[in-house]
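Novice: Starting off with a structure, shown below.
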Amino acid sequence: MDNEPVPLEPGHFYGINRTERRTGGLILSETHYRPNLRVPQHIHQRAYFGFLLDGGYWEQLGRRGVTFAPLSVVFHPPREVRCGHISDRGTRLFHMELPDACRERVRELGPVPDGAHDHHRGPRVAHARTLYREFRQPDAASDMVIEGVVLEMLAGLLRARPARDPAPVWLRRARDSLHDR
């Protein structure tokens, strides 16, 4: 992991986007990855949720490695460095990339996670299934459902975080920097 991470533009992944849809600033895509693909260090410009539809993969998220199986959901903050390995069966992922305005709206309510959060069951998996269904079988209400469910997933991340430190952001950063040294 000595190389500089490759920055990827919104809507781009190391797999092939088979289907893509843009709505309300969100970019939704179903991406297929070839078997045994080694994904180099990279960063994405936007925060996003990934939902594993089929196959499997291993991903290095900061200092920890996570193995994902079908129906796993992960939230990635923007500009997080990661790399990984696609299983020998290949992988299909559904991505939900968030516009910066959405992330800023959530930030007004509390701290946005600064590291990946993975979920292998529970409400975020149910939400991801709903989003994928709306993506694959859209109707007149799909855009509204998609926006609402994405906001509910973000609210779930905020509620899962520990109580907010009452100190201002700049003071917490300075304190954390001093502790790190």
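We name chains A, B, ... following the order of the structure tokens; residues begin at 1 in each chain, and ligands are numbered from 1 as shown.
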Would you give me, as a Markdown table, each residue of region 95-132 of chain A having an atom within 6 Å of an atom of region 45-57 of chain A, along with its shortest atom pair and that distance in Å to one decimal, using only C-alpha atoms and sorting by chain and residue number?

Specialist:
```
| residue | atom | partner | partner_atom | distance |
| --- | --- | --- | --- | --- |
| A:His95 | CA | A:Gly50 | CA | 4.6 |
| A:Met96 | CA | A:Phe49 | CA | 5.1 |
| A:Glu97 | CA | A:Tyr48 | CA | 4.2 |
| A:Leu98 | CA | A:Tyr48 | CA | 5.6 |
```

Novice: Save out the residues we just selected, N, CA and C atoms, as a PDB file, in the first residue's frame.

Specialist:
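again12.pdb, written as the output of this step:
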```pdb
ATOM      1  N   HIS A  95     -24.469   0.454  -6.061  1.00  0.00           N
ATOM      2  CA  HIS A  95     -23.897   1.641  -5.417  1.00  0.00           C
ATOM      3  C   HIS A  95     -24.911   2.776  -5.387  1.00  0.00           C
ATOM      4  N   MET A  96     -24.926   3.512  -4.279  1.00  0.00           N
ATOM      5  CA  MET A  96     -25.776   4.687  -4.118  1.00  0.00           C
ATOM      6  C   MET A  96     -24.874   5.842  -3.705  1.00  0.00           C
ATOM      7  N   GLU A  97     -24.432   6.643  -4.678  1.00  0.00           N
ATOM      8  CA  GLU A  97     -23.517   7.751  -4.405  1.00  0.00           C
ATOM      9  C   GLU A  97     -24.307   8.998  -4.025  1.00  0.00           C
ATOM     10  N   LEU A  98     -23.860   9.644  -2.948  1.00  0.00           N
ATOM     11  CA  LEU A  98     -24.577  10.786  -2.389  1.00  0.00           C
ATOM     12  C   LEU A  98     -24.022  12.100  -2.915  1.00  0.00           C
TER      13      LEU A  98
END
```

Novice: Skipping near chain neighbours, those fewer than 6 positions away, what residues fall within 10 Å of Asn3 (chain A) using only C-alpha atoms, listed as a list in words?

Specialist: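 Final neighbour list, sorted by chain and number: Pro40, Gln41 and His42 of chain A.
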
Novice: Kindly save the residues from that selection, with all heavy atoms included, as a compact mmCIF listing (two decimals), in the first residue's frame.

Specialist:
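Once written, part_20.txt looks like this:
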```
# COMPACT_ATOMS: atom_id res chain seq x y z
N PRO A 40 -6.81 -1.86 -6.72
CA PRO A 40 -5.72 -1.09 -6.11
C PRO A 40 -6.25 0.00 -5.17
O PRO A 40 -7.45 0.29 -5.14
CB PRO A 40 -5.03 -0.46 -7.32
CG PRO A 40 -6.09 -0.36 -8.36
CD PRO A 40 -7.01 -1.53 -8.13
N GLN A 41 -5.33 0.59 -4.42
CA GLN A 41 -5.70 1.70 -3.54
C GLN A 41 -6.38 2.79 -4.36
O GLN A 41 -5.89 3.16 -5.43
CB GLN A 41 -4.46 2.31 -2.89
CG GLN A 41 -3.99 1.62 -1.67
CD GLN A 41 -3.04 2.52 -0.94
OE1 GLN A 41 -3.47 3.33 -0.15
NE2 GLN A 41 -1.75 2.37 -1.20
N HIS A 42 -7.50 3.27 -3.84
CA HIS A 42 -8.23 4.31 -4.55
C HIS A 42 -9.09 5.08 -3.56
O HIS A 42 -9.27 4.67 -2.42
CB HIS A 42 -9.09 3.70 -5.66
CG HIS A 42 -10.17 2.80 -5.17
ND1 HIS A 42 -9.93 1.51 -4.72
CD2 HIS A 42 -11.51 2.99 -5.02
CE1 HIS A 42 -11.06 0.96 -4.33
NE2 HIS A 42 -12.04 1.84 -4.50
```

Novice: At a cut-off of 10 Å, using only C-alpha atoms, what residues contact Asn36 (chain A)? Leave out same-chain residues fewer than 5 positions from it and give the result as a short mmCIF file (atom, residue, chain, number, x, y, z; two decimals) with N, CA and C atoms, in the first residue's frame.

Specialist:
```cif
data_model
loop_
_atom_site.label_atom_id
_atom_site.label_comp_id
_atom_site.auth_asym_id
_atom_site.auth_seq_id
_atom_site.Cartn_x
_atom_site.Cartn_y
_atom_site.Cartn_z
N TYR A 57 -16.35 -10.21 -1.70
CA TYR A 57 -15.08 -9.50 -1.81
C TYR A 57 -14.55 -9.17 -0.42
N HIS A 85 -10.04 -7.13 -2.91
CA HIS A 85 -9.91 -8.29 -3.78
C HIS A 85 -11.29 -8.90 -3.99
N ILE A 86 -11.67 -9.06 -5.25
CA ILE A 86 -12.94 -9.65 -5.62
C ILE A 86 -12.80 -11.18 -5.57
N SER A 87 -13.84 -11.86 -5.15
CA SER A 87 -13.80 -13.32 -5.01
C SER A 87 -13.62 -14.00 -6.36
N ASP A 88 -13.36 -15.30 -6.31
CA ASP A 88 -13.19 -16.06 -7.55
C ASP A 88 -14.51 -16.28 -8.29
N ARG A 89 -15.63 -15.88 -7.69
CA ARG A 89 -16.94 -15.95 -8.35
C ARG A 89 -17.30 -14.63 -9.04
N GLY A 90 -16.50 -13.59 -8.81
CA GLY A 90 -16.87 -12.26 -9.29
C GLY A 90 -17.85 -11.64 -8.32
N THR A 91 -18.30 -10.46 -8.63
CA THR A 91 -19.18 -9.73 -7.70
C THR A 91 -20.10 -8.80 -8.47
#
```

Novice: For Glu152 (chain A), list every protein, DNA or RNA residue within 10 Å, evaluated using only C-alpha atoms, and leave out those in the same chain fewer than 4 positions away; present the list as a PyMOL selection string.

Specialist: chain A and resi 123-124+127+146-148+156-158

Novice: Considering only C-alpha atoms, return as a PyMOL selection string whatever protein or nucleic-acid residues lie within 10 Å of Arg82 (chain A), sequence-local ones (same chain, fewer than 6 positions apart) excluded.

Specialist: chain A and resi 1+5-6+39-44+59-63+65+76+116

Novice: Any chance you could list, as number ranges by chain, the residues in chain A that come up strand (DSSP E or B) when DSSP is run on the backbone?

Specialist: A: 6-8, 16-23, 26-33, 38-44, 48-61, 64-68, 73-76, 82-97, 117-119

Novice: Could you pull out the helix (DSSP H, G or I) residues of chain A from DSSP and send them as an MDAnalysis selection string?

Specialist: chainID A and resid 100:107 123:136 142:160 169:180

Novice: Do a neighbour search on region 26-31 of chain A at 7 Å with only C-alpha atoms, toss out local chain neighbours closer than 2 positions, and write the hits as a PyMOL selection string.

Specialist: chain A and resi 11+15-24+33+92-99

Novice: Which is closest to His117 (chain A) among A:Val73, A:Val145, A:Arg105, A:Glu80, if we use only C-alpha atoms?

Specialist: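 Smallest separation from His117 (chain A) among the options: A:Val73.
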